[in-house]
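> Can you keep this structure in mind? I'll have questions shortly.
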Amino acid sequence: MAALAATSAFAQSSVTVYGTLDAAYKNYTLKNAQGDVVIKSNGVSDGTNAGPRLGFKGTEDLGNGTAANFVFEAGMTVADPAGLSNRSGAGGAQVYGIGNSGNLAEGAYSAGSNTRQAYVSAAKAGVGELRIGYQYTALYDTSTNSGFLVGMEQAGGILHTMSNAEFGGTRANGLVYVSPKIAGTTEIRAYYGAGTGRETNESDLSTGEVGYKVNNAKRQGLAAVFEQGPLRLGAAYTTYKVEQTLGATPADTQNAYGVKTAATKAQSFESKLTQLNASYDFGMVKPVVQYIKGEKDLTAQAGNTTANGLITGAVGKYDYTATTYGATVPFGAATFFVMGGNGKITSDTATLNKYKQTQYGVRYALSKRSTAYIAAGNSKDTQAATTAFGKNSFSAIGLTHSF
């Protein structure tokens, strides 16, 4: 009887292995505002159309409409021997060892950070699902995973997540509640959790935790997607608060010879981001528009704060606005797409960045799981300083396979 009970319990559980592989021949160029080439990369790359990944997801039926679930998803590199490695797909040169940061990306690979998602959850029919762990934020779910991004996260497609680090990034630890569909049309998600730092981390030591005496980060978000017939609408609101103070003697990074290689940095700020998306499928064409408006109040900073594309100028307020527009046109097994957009970042006294983007291409469905594609695009910062990054561009031909 015990054996039969164990067999019955096992039959109510399932685990699925899934993944995506994406490889292309890609040309990438990054120039400064003077037009000088900073990086030029030609060759086999990955993550152009879809970030390669390997995932495991499972569910256990607990009875009475309840279930326990889990997801673990790791990034992969197809064009590099690391294999299970840093999640790829960033819009930069596919150059191993060059970090990816900023809106005009320098590179697509960096050390560590290979987990895309890792969480457990409890769900009940008619009530919803509560997830805990490392997972997508409201910002990324709304900008990228809700079907409103018709292009690729490459040059020419930067504005849907412009300066996302200012608003807590695309993934983080936290709690996420996913509602059942309301009236069959609307799904609501509530997000709470830490960001790039820990939710609460204070130290009494003079040096602090890796140089910080206080290192707190907290994010809250609310998102909803409405779908009825050909009409889809999406909206999200995110607040993000970072509080950092250095210890009396910051623990600066040193090499093996005791030479200082990087200064411990700290900054405190509050930011908020509003996202609005819409699409309508006319059959022969589906137009899409995405709009973001963000605000950041930088209240304090110390040390070298140039990191991860963050605005690190004078203490004060900064505004972020961007509009992305595009359309897809199906033609048999092919789907053509085009995107454009404008965005800017301003301080109280000046326009710091002024972006324009263009991207176009075609995806051809070889089967339900395999898609060939050709794409090209570019992003420009017409406000960039002379030696700063002014334009990046790419062209690629590749193949995506999902399993």
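Each chain of the structure tokens is named A, B, ... in the order shown, its residues numbered from 1; ligands are numbered from 1 in display order.
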Just list as a tab-separated table (two decimals) with N, CA and C atoms, in the first residue's frame whatever in segment 156-389 of chain A DSSP marks as strand (DSSP E or B).

chain	number	residue	atom	x	y	z
A	171	ARG	N	15.77	41.77	-13.19
A	171	ARG	CA	15.55	40.60	-12.34
A	171	ARG	C	16.00	40.93	-10.93
A	172	ALA	N	15.39	40.27	-9.95
A	172	ALA	CA	15.78	40.52	-8.57
A	172	ALA	C	15.13	39.49	-7.66
A	173	ASN	N	15.65	39.39	-6.44
A	173	ASN	CA	15.01	38.57	-5.42
A	173	ASN	C	13.73	39.25	-4.95
A	174	GLY	N	12.73	38.45	-4.61
A	174	GLY	CA	11.52	39.05	-4.10
A	174	GLY	C	10.34	38.13	-4.10
A	175	LEU	N	9.20	38.70	-3.77
A	175	LEU	CA	7.91	38.03	-3.79
A	175	LEU	C	7.10	38.57	-4.97
A	176	VAL	N	6.46	37.69	-5.70
A	176	VAL	CA	5.61	38.09	-6.82
A	176	VAL	C	4.27	37.35	-6.71
A	177	TYR	N	3.19	38.11	-6.73
A	177	TYR	CA	1.85	37.52	-6.75
A	177	TYR	C	1.27	37.67	-8.15
A	178	VAL	N	0.78	36.56	-8.71
A	178	VAL	CA	0.16	36.55	-10.03
A	178	VAL	C	-1.31	36.17	-9.87
A	182	ILE	N	-8.95	38.05	-14.51
A	182	ILE	CA	-10.18	38.68	-14.04
A	182	ILE	C	-11.10	38.88	-15.23
A	186	THR	N	-7.99	40.18	-17.83
A	186	THR	CA	-6.93	40.95	-17.17
A	186	THR	C	-6.16	40.11	-16.16
A	187	GLU	N	-4.84	40.15	-16.26
A	187	GLU	CA	-3.96	39.52	-15.28
A	187	GLU	C	-3.20	40.61	-14.53
A	188	ILE	N	-3.17	40.51	-13.21
A	188	ILE	CA	-2.48	41.49	-12.37
A	188	ILE	C	-1.31	40.81	-11.66
A	189	ARG	N	-0.19	41.52	-11.56
A	189	ARG	CA	0.98	41.02	-10.84
A	189	ARG	C	1.48	42.08	-9.87
A	190	ALA	N	1.76	41.67	-8.65
A	190	ALA	CA	2.31	42.56	-7.63
A	190	ALA	C	3.70	42.08	-7.26
A	191	TYR	N	4.67	42.99	-7.17
A	191	TYR	CA	6.07	42.65	-6.94
A	191	TYR	C	6.58	43.37	-5.69
A	192	TYR	N	7.35	42.63	-4.90
A	192	TYR	CA	7.99	43.23	-3.74
A	192	TYR	C	9.32	42.53	-3.52
A	193	GLY	N	10.38	43.31	-3.30
A	193	GLY	CA	11.63	42.64	-2.99
A	193	GLY	C	12.83	43.53	-3.12
A	198	ARG	N	20.88	44.21	-1.00
A	198	ARG	CA	19.96	43.39	-0.20
A	198	ARG	C	18.86	44.26	0.35
A	202	GLU	N	22.56	46.03	7.32
A	202	GLU	CA	23.28	47.07	8.05
A	202	GLU	C	24.39	46.43	8.88
A	209	GLU	N	29.97	45.85	5.48
A	209	GLU	CA	29.92	44.70	4.57
A	209	GLU	C	30.46	45.15	3.22
A	212	TYR	N	30.53	48.78	2.98
A	212	TYR	CA	29.30	49.52	3.27
A	212	TYR	C	28.92	49.37	4.75
A	213	LYS	N	28.53	50.46	5.35
A	213	LYS	CA	27.93	50.36	6.68
A	213	LYS	C	26.43	50.12	6.55
A	214	VAL	N	25.82	50.70	5.51
A	214	VAL	CA	24.42	50.45	5.17
A	214	VAL	C	24.35	50.17	3.68
A	215	ASN	N	23.63	49.13	3.29
A	215	ASN	CA	23.49	48.77	1.87
A	215	ASN	C	22.11	48.15	1.67
A	216	ASN	N	21.10	49.01	1.51
A	216	ASN	CA	19.72	48.57	1.39
A	216	ASN	C	19.16	48.88	0.01
A	217	ALA	N	18.29	48.02	-0.47
A	217	ALA	CA	17.60	48.27	-1.73
A	217	ALA	C	16.22	47.64	-1.63
A	218	LYS	N	15.21	48.38	-2.04
A	218	LYS	CA	13.84	47.87	-1.95
A	218	LYS	C	13.06	48.29	-3.18
A	219	ARG	N	12.36	47.34	-3.76
A	219	ARG	CA	11.56	47.59	-4.95
A	219	ARG	C	10.12	47.15	-4.71
A	220	GLN	N	9.18	47.93	-5.23
A	220	GLN	CA	7.79	47.53	-5.24
A	220	GLN	C	7.21	47.84	-6.62
A	221	GLY	N	6.38	46.94	-7.12
A	221	GLY	CA	5.84	47.14	-8.45
A	221	GLY	C	4.47	46.53	-8.61
A	222	LEU	N	3.71	47.07	-9.53
A	222	LEU	CA	2.37	46.56	-9.85
A	222	LEU	C	2.22	46.61	-11.36
A	223	ALA	N	1.79	45.50	-11.95
A	223	ALA	CA	1.64	45.42	-13.40
A	223	ALA	C	0.34	44.72	-13.76
A	224	ALA	N	-0.20	45.06	-14.91
A	224	ALA	CA	-1.43	44.45	-15.39
A	224	ALA	C	-1.40	44.36	-16.91
A	225	VAL	N	-1.97	43.29	-17.45
A	225	VAL	CA	-2.13	43.13	-18.89
A	225	VAL	C	-3.59	42.82	-19.17
A	226	PHE	N	-4.19	43.62	-20.05
A	226	PHE	CA	-5.59	43.44	-20.47
A	226	PHE	C	-5.60	42.94	-21.91
A	227	GLU	N	-6.39	41.90	-22.15
A	227	GLU	CA	-6.46	41.33	-23.49
A	227	GLU	C	-7.90	40.96	-23.83
A	228	GLN	N	-8.40	41.52	-24.91
A	228	GLN	CA	-9.74	41.18	-25.37
A	228	GLN	C	-9.75	41.24	-26.89
A	231	LEU	N	-7.16	43.42	-29.18
A	231	LEU	CA	-6.61	44.52	-28.39
A	231	LEU	C	-5.86	44.00	-27.18
A	232	ARG	N	-4.63	44.54	-26.97
A	232	ARG	CA	-3.87	44.22	-25.77
A	232	ARG	C	-3.34	45.51	-25.18
A	233	LEU	N	-3.45	45.65	-23.86
A	233	LEU	CA	-2.95	46.82	-23.15
A	233	LEU	C	-2.11	46.36	-21.97
A	234	GLY	N	-1.03	47.06	-21.70
A	234	GLY	CA	-0.19	46.72	-20.56
A	234	GLY	C	0.21	47.98	-19.80
A	235	ALA	N	0.35	47.84	-18.50
A	235	ALA	CA	0.77	48.97	-17.67
A	235	ALA	C	1.53	48.45	-16.46
A	236	ALA	N	2.49	49.24	-15.99
A	236	ALA	CA	3.25	48.89	-14.79
A	236	ALA	C	3.75	50.14	-14.10
A	237	TYR	N	3.88	50.03	-12.78
A	237	TYR	CA	4.41	51.12	-11.98
A	237	TYR	C	5.40	50.53	-10.99
A	238	THR	N	6.62	51.08	-10.96
A	238	THR	CA	7.69	50.55	-10.11
A	238	THR	C	8.28	51.67	-9.27
A	239	THR	N	8.50	51.41	-7.99
A	239	THR	CA	9.26	52.32	-7.14
A	239	THR	C	10.51	51.58	-6.65
A	240	TYR	N	11.61	52.30	-6.55
A	240	TYR	CA	12.88	51.68	-6.18
A	240	TYR	C	13.65	52.63	-5.29
A	241	LYS	N	14.10	52.15	-4.14
A	241	LYS	CA	14.83	52.98	-3.19
A	241	LYS	C	16.13	52.30	-2.80
A	242	VAL	N	17.23	53.02	-2.94
A	242	VAL	CA	18.56	52.52	-2.59
A	242	VAL	C	19.16	53.42	-1.53
A	243	GLU	N	19.70	52.81	-0.47
A	243	GLU	CA	20.35	53.55	0.60
A	243	GLU	C	21.70	52.90	0.86
A	244	GLN	N	22.77	53.65	0.62
A	244	GLN	CA	24.12	53.14	0.83
A	244	GLN	C	24.96	54.19	1.56
A	245	THR	N	25.70	53.75	2.56
A	245	THR	CA	26.70	54.60	3.21
A	245	THR	C	27.96	53.77	3.39
A	246	LEU	N	29.11	54.43	3.23
A	246	LEU	CA	30.38	53.74	3.35
A	246	LEU	C	30.82	53.67	4.81
A	253	THR	N	38.80	47.55	-3.43
A	253	THR	CA	39.30	46.35	-4.09
A	253	THR	C	40.79	46.49	-4.36
A	254	GLN	N	41.56	45.42	-4.05
A	254	GLN	CA	43.00	45.42	-4.27
A	254	GLN	C	43.39	44.16	-5.02
A	260	LYS	N	45.51	49.17	-5.07
A	260	LYS	CA	44.09	49.48	-5.21
A	260	LYS	C	43.67	49.45	-6.67
A	261	THR	N	42.63	48.69	-7.01
A	261	THR	CA	42.16	48.57	-8.39
A	261	THR	C	40.79	49.19	-8.60
A	262	ALA	N	40.02	49.38	-7.54
A	262	ALA	CA	38.70	49.99	-7.66
A	262	ALA	C	38.28	50.56	-6.33
A	266	ALA	N	29.27	54.34	-3.34
A	266	ALA	CA	27.98	54.36	-2.65
A	266	ALA	C	27.13	55.48	-3.19
A	267	GLN	N	25.84	55.24	-3.23
A	267	GLN	CA	24.91	56.31	-3.57
A	267	GLN	C	23.54	55.96	-3.00
A	268	SER	N	22.75	56.98	-2.75
A	268	SER	CA	21.39	56.81	-2.26
A	268	SER	C	20.45	57.57	-3.17
A	269	PHE	N	19.34	56.93	-3.54
A	269	PHE	CA	18.38	57.59	-4.42
A	269	PHE	C	17.02	56.91	-4.32
A	270	GLU	N	16.01	57.60	-4.79
A	270	GLU	CA	14.67	57.06	-4.95
A	270	GLU	C	14.25	57.28	-6.39
A	271	SER	N	13.63	56.27	-6.99
A	271	SER	CA	13.17	56.41	-8.37
A	271	SER	C	11.80	55.78	-8.53
A	272	LYS	N	11.11	56.19	-9.59
A	272	LYS	CA	9.81	55.60	-9.92
A	272	LYS	C	9.66	55.59	-11.43
A	273	LEU	N	9.00	54.56	-11.92
A	273	LEU	CA	8.88	54.34	-13.36
A	273	LEU	C	7.45	53.95	-13.71
A	274	THR	N	6.90	54.61	-14.74
A	274	THR	CA	5.60	54.26	-15.28
A	274	THR	C	5.78	53.73	-16.70
A	275	GLN	N	5.15	52.60	-17.00
A	275	GLN	CA	5.22	52.00	-18.33
A	275	GLN	C	3.81	51.79	-18.88
A	276	LEU	N	3.60	52.14	-20.13
A	276	LEU	CA	2.32	51.95	-20.81
A	276	LEU	C	2.56	51.32	-22.17
A	277	ASN	N	1.82	50.27	-22.50
A	277	ASN	CA	1.98	49.56	-23.77
A	277	ASN	C	0.63	49.30	-24.41
A	278	ALA	N	0.61	49.21	-25.73
A	278	ALA	CA	-0.63	48.89	-26.43
A	278	ALA	C	-0.31	48.25	-27.77
A	279	SER	N	-1.16	47.32	-28.20
A	279	SER	CA	-1.06	46.74	-29.53
A	279	SER	C	-2.45	46.36	-30.01
A	280	TYR	N	-2.62	46.32	-31.33
A	280	TYR	CA	-3.90	45.93	-31.92
A	280	TYR	C	-3.61	45.12	-33.18
A	286	LYS	N	0.11	44.40	-37.25
A	286	LYS	CA	-0.12	44.63	-35.83
A	286	LYS	C	0.80	45.75	-35.36
A	287	PRO	N	0.26	46.96	-35.17
A	287	PRO	CA	1.06	48.06	-34.63
A	287	PRO	C	1.21	47.93	-33.11
A	288	VAL	N	2.34	48.41	-32.60
A	288	VAL	CA	2.66	48.34	-31.17
A	288	VAL	C	3.29	49.66	-30.75
A	289	VAL	N	2.95	50.13	-29.54
A	289	VAL	CA	3.59	51.31	-29.00
A	289	VAL	C	3.92	51.07	-27.53
A	290	GLN	N	5.09	51.50	-27.10
A	290	GLN	CA	5.53	51.40	-25.71
A	290	GLN	C	5.99	52.79	-25.25
A	291	TYR	N	5.60	53.15	-24.03
A	291	TYR	CA	5.97	54.46	-23.49
A	291	TYR	C	6.45	54.29	-22.05
A	292	ILE	N	7.56	54.96	-21.72
A	292	ILE	CA	8.06	54.93	-20.35
A	292	ILE	C	8.33	56.35	-19.88
A	293	LYS	N	8.07	56.58	-18.59
A	293	LYS	CA	8.39	57.86	-17.95
A	293	LYS	C	8.93	57.56	-16.57
A	294	GLY	N	10.17	57.98	-16.33
A	294	GLY	CA	10.80	57.70	-15.05
A	294	GLY	C	11.35	58.95	-14.40
A	295	GLU	N	11.48	58.90	-13.08
A	295	GLU	CA	12.07	59.98	-12.31
A	295	GLU	C	13.03	59.39	-11.29
A	296	LYS	N	14.14	60.09	-11.09
A	296	LYS	CA	15.11	59.66	-10.09
A	296	LYS	C	15.57	60.86	-9.28
A	297	ASP	N	15.58	60.70	-7.97
A	297	ASP	CA	16.05	61.75	-7.06
A	297	ASP	C	17.30	61.23	-6.37
A	298	LEU	N	18.45	61.65	-6.88
A	298	LEU	CA	19.74	61.24	-6.32
A	298	LEU	C	20.04	62.12	-5.12
A	299	THR	N	19.99	61.52	-3.93
A	299	THR	CA	20.09	62.31	-2.70
A	299	THR	C	21.48	62.33	-2.11
A	300	ALA	N	22.31	61.33	-2.40
A	300	ALA	CA	23.67	61.30	-1.83
A	300	ALA	C	24.52	60.34	-2.63
A	301	GLN	N	25.82	60.66	-2.70
A	301	GLN	CA	26.75	59.74	-3.34
A	301	GLN	C	28.14	59.96	-2.77
A	302	ALA	N	28.95	58.89	-2.81
A	302	ALA	CA	30.31	58.97	-2.31
A	302	ALA	C	31.16	57.95	-3.05
A	316	GLY	N	20.61	65.46	-7.26
A	316	GLY	CA	19.47	66.20	-7.80
A	316	GLY	C	18.50	65.27	-8.50
A	317	LYS	N	17.62	65.85	-9.31
A	317	LYS	CA	16.56	65.07	-9.95
A	317	LYS	C	16.86	64.87	-11.44
A	318	TYR	N	16.45	63.68	-11.93
A	318	TYR	CA	16.65	63.31	-13.32
A	318	TYR	C	15.35	62.75	-13.88
A	319	ASP	N	15.08	63.04	-15.14
A	319	ASP	CA	13.87	62.55	-15.80
A	319	ASP	C	14.25	61.68	-16.99
A	320	TYR	N	13.43	60.63	-17.21
A	320	TYR	CA	13.66	59.68	-18.29
A	320	TYR	C	12.34	59.51	-19.06
A	321	THR	N	12.38	59.71	-20.36
A	321	THR	CA	11.20	59.46	-21.18
A	321	THR	C	11.63	58.75	-22.45
A	322	ALA	N	10.79	57.85	-22.92
A	322	ALA	CA	11.09	57.14	-24.17
A	322	ALA	C	9.80	56.60	-24.76
A	323	THR	N	9.73	56.63	-26.08
A	323	THR	CA	8.61	56.04	-26.82
A	323	THR	C	9.17	55.13	-27.89
A	324	THR	N	8.70	53.89	-27.90
A	324	THR	CA	9.05	52.92	-28.94
A	324	THR	C	7.80	52.58	-29.72
A	325	TYR	N	7.88	52.60	-31.02
A	325	TYR	CA	6.74	52.25	-31.87
A	325	TYR	C	7.20	51.26	-32.94
A	326	GLY	N	6.31	50.41	-33.37
A	326	GLY	CA	6.68	49.41	-34.35
A	326	GLY	C	5.48	48.66	-34.87
A	327	ALA	N	5.76	47.67	-35.70
A	327	ALA	CA	4.68	46.87	-36.28
A	327	ALA	C	5.24	45.56	-36.79
A	328	THR	N	4.39	44.54	-36.80
A	328	THR	CA	4.72	43.26	-37.43
A	328	THR	C	3.74	43.02	-38.57
A	329	VAL	N	4.24	42.41	-39.64
A	329	VAL	CA	3.42	42.10	-40.82
A	329	VAL	C	3.65	40.64	-41.19
A	330	PRO	N	2.66	39.76	-40.97
A	330	PRO	CA	2.82	38.36	-41.35
A	330	PRO	C	2.61	38.16	-42.85
A	331	PHE	N	3.40	37.27	-43.43
A	331	PHE	CA	3.26	36.94	-44.84
A	331	PHE	C	3.64	35.48	-45.01
A	334	ALA	N	6.56	33.86	-42.96
A	334	ALA	CA	7.44	34.95	-42.59
A	334	ALA	C	6.68	36.03	-41.81
A	335	THR	N	7.37	36.66	-40.88
A	335	THR	CA	6.83	37.82	-40.17
A	335	THR	C	7.86	38.94	-40.23
A	336	PHE	N	7.51	40.01	-40.92
A	336	PHE	CA	8.37	41.17	-41.02
A	336	PHE	C	8.11	42.10	-39.83
A	337	PHE	N	9.16	42.77	-39.36
A	337	PHE	CA	8.97	43.71	-38.25
A	337	PHE	C	9.81	44.96	-38.48
A	338	VAL	N	9.36	46.05	-37.90
A	338	VAL	CA	10.09	47.31	-37.94
A	338	VAL	C	9.84	48.06	-36.64
A	339	MET	N	10.87	48.73	-36.12
A	339	MET	CA	10.75	49.51	-34.89
A	339	MET	C	11.46	50.85	-35.04
A	340	GLY	N	10.96	51.83	-34.33
A	340	GLY	CA	11.63	53.12	-34.22
A	340	GLY	C	11.42	53.64	-32.82
A	341	GLY	N	11.95	54.81	-32.53
A	341	GLY	CA	11.72	55.36	-31.20
A	341	GLY	C	12.64	56.51	-30.87
A	342	ASN	N	12.25	57.24	-29.84
A	342	ASN	CA	13.02	58.37	-29.33
A	342	ASN	C	13.00	58.35	-27.80
A	343	GLY	N	14.08	58.80	-27.20
A	343	GLY	CA	14.13	58.88	-25.74
A	343	GLY	C	15.16	59.90	-25.29
A	344	LYS	N	15.01	60.35	-24.06
A	344	LYS	CA	15.99	61.31	-23.53
A	344	LYS	C	16.07	61.22	-22.02
A	345	ILE	N	17.22	61.64	-21.50
A	345	ILE	CA	17.47	61.72	-20.07
A	345	ILE	C	17.89	63.16	-19.77
A	346	THR	N	17.22	63.80	-18.84
A	346	THR	CA	17.52	65.20	-18.52
A	346	THR	C	17.73	65.37	-17.03
A	347	SER	N	18.58	66.35	-16.69
A	347	SER	CA	18.75	66.77	-15.31
A	347	SER	C	17.97	68.05	-15.10
A	351	THR	N	20.06	68.48	-20.93
A	351	THR	CA	19.74	67.20	-21.53
A	351	THR	C	21.02	66.38	-21.59
A	352	LEU	N	21.04	65.25	-20.90
A	352	LEU	CA	22.26	64.44	-20.80
A	352	LEU	C	22.38	63.46	-21.95
A	353	ASN	N	21.28	62.84	-22.34
A	353	ASN	CA	21.28	61.88	-23.43
A	353	ASN	C	20.03	62.09	-24.28
A	354	LYS	N	20.18	61.92	-25.59
A	354	LYS	CA	19.05	62.05	-26.50
A	354	LYS	C	19.17	60.93	-27.53
A	355	TYR	N	18.29	59.92	-27.41
A	355	TYR	CA	18.41	58.70	-28.19
A	355	TYR	C	17.44	58.64	-29.35
A	356	LYS	N	17.91	58.01	-30.44
A	356	LYS	CA	17.06	57.63	-31.56
A	356	LYS	C	17.39	56.19	-31.91
A	357	GLN	N	16.37	55.40	-32.26
A	357	GLN	CA	16.62	54.01	-32.59
A	357	GLN	C	15.84	53.61	-33.84
A	358	THR	N	16.40	52.65	-34.58
A	358	THR	CA	15.75	52.06	-35.75
A	358	THR	C	16.15	50.60	-35.82
A	359	GLN	N	15.18	49.73	-36.07
A	359	GLN	CA	15.47	48.30	-36.22
A	359	GLN	C	14.44	47.68	-37.16
A	360	TYR	N	14.88	46.73	-37.95
A	360	TYR	CA	13.98	46.05	-38.89
A	360	TYR	C	14.52	44.66	-39.18
A	361	GLY	N	13.63	43.78	-39.65
A	361	GLY	CA	14.06	42.42	-39.96
A	361	GLY	C	12.89	41.53	-40.32
A	362	VAL	N	13.18	40.25	-40.46
A	362	VAL	CA	12.16	39.26	-40.78
A	362	VAL	C	12.50	37.97	-40.05
A	363	ARG	N	11.49	37.34	-39.49
A	363	ARG	CA	11.61	36.02	-38.89
A	363	ARG	C	10.83	35.04	-39.75
A	364	TYR	N	11.42	33.87	-40.03
A	364	TYR	CA	10.77	32.87	-40.89
A	364	TYR	C	10.63	31.57	-40.11
A	365	ALA	N	9.39	31.14	-39.90
A	365	ALA	CA	9.12	29.93	-39.11
A	365	ALA	C	9.39	28.68	-39.95
A	370	SER	N	11.54	26.10	-34.66
A	370	SER	CA	12.74	26.64	-35.30
A	370	SER	C	12.40	27.86	-36.14
A	371	THR	N	13.16	28.92	-35.96
A	371	THR	CA	12.93	30.18	-36.66
A	371	THR	C	14.24	30.73	-37.19
A	372	ALA	N	14.27	30.99	-38.50
A	372	ALA	CA	15.41	31.67	-39.10
A	372	ALA	C	15.12	33.17	-39.14
A	373	TYR	N	16.15	34.00	-39.09
A	373	TYR	CA	15.91	35.44	-39.06
A	373	TYR	C	17.06	36.22	-39.69
A	374	ILE	N	16.71	37.40	-40.18
A	374	ILE	CA	17.66	38.40	-40.64
A	374	ILE	C	17.23	39.73	-40.02
A	375	ALA	N	18.17	40.47	-39.45
A	375	ALA	CA	17.80	41.72	-38.79
A	375	ALA	C	18.96	42.69	-38.80
A	376	ALA	N	18.63	43.98	-38.65
A	376	ALA	CA	19.64	45.02	-38.55
A	376	ALA	C	19.04	46.19	-37.79
A	377	GLY	N	19.91	47.04	-37.23
A	377	GLY	CA	19.41	48.21	-36.51
A	377	GLY	C	20.54	49.06	-35.95
A	378	ASN	N	20.17	50.23	-35.44
A	378	ASN	CA	21.16	51.09	-34.82
A	378	ASN	C	20.49	51.99	-33.79
A	379	SER	N	21.26	52.41	-32.80
A	379	SER	CA	20.84	53.37	-31.78
A	379	SER	C	21.86	54.49	-31.73
A	380	LYS	N	21.37	55.72	-31.61
A	380	LYS	CA	22.25	56.90	-31.57
A	380	LYS	C	21.95	57.73	-30.33
A	381	ASP	N	23.00	58.29	-29.77
A	381	ASP	CA	22.87	59.29	-28.71
A	381	ASP	C	23.39	60.60	-29.27
A	389	PHE	N	30.15	57.11	-25.93
A	389	PHE	CA	29.54	56.27	-26.95
A	389	PHE	C	28.43	57.05	-27.64
> Could you state the separation of atom CA of Gly398 of chain A and atom CA of Ala23 of chain A in Å, given to one decimal place?
5.6 Å
> Among segment 124-216 of chain A, which ones does DSSP assign to helix (DSSP H, G or I) (computed from the backbone)? Answer as a list of chain:residue names.
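Across segment 124-216 of chain A, those assigned helix (DSSP H, G or I) are A:Ala138, A:Leu139, A:Tyr140, A:Asp141, A:Thr142, A:Ser143, A:Thr144, A:Asn145, A:Leu159, A:His160, A:Thr161, A:Asn164, A:Ala165, A:Glu166, A:Phe167.
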> Pick out the closest residue to Met152 of chain A from this set: A:Ala24, A:Ala82, A:Ala50, A:Pro180. Count only C-alpha atoms.
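When distances to Met152 of chain A are compared using only C-alpha atoms, the smallest one comes from A:Ala50.
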> Record the distance separating atom CA of Ser143 of chain A and atom CA of Met284 of chain A, expressed in Å with one decimal.
23.7 Å
> My list of candidates is A:Ser393, A:Gln135, A:Ser13, A:Gln117. Which is closest to Gly75 of chain A when distances are computed with only C-alpha atoms?
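With only C-alpha atoms as the atom set, the closest residue is A:Gln117.
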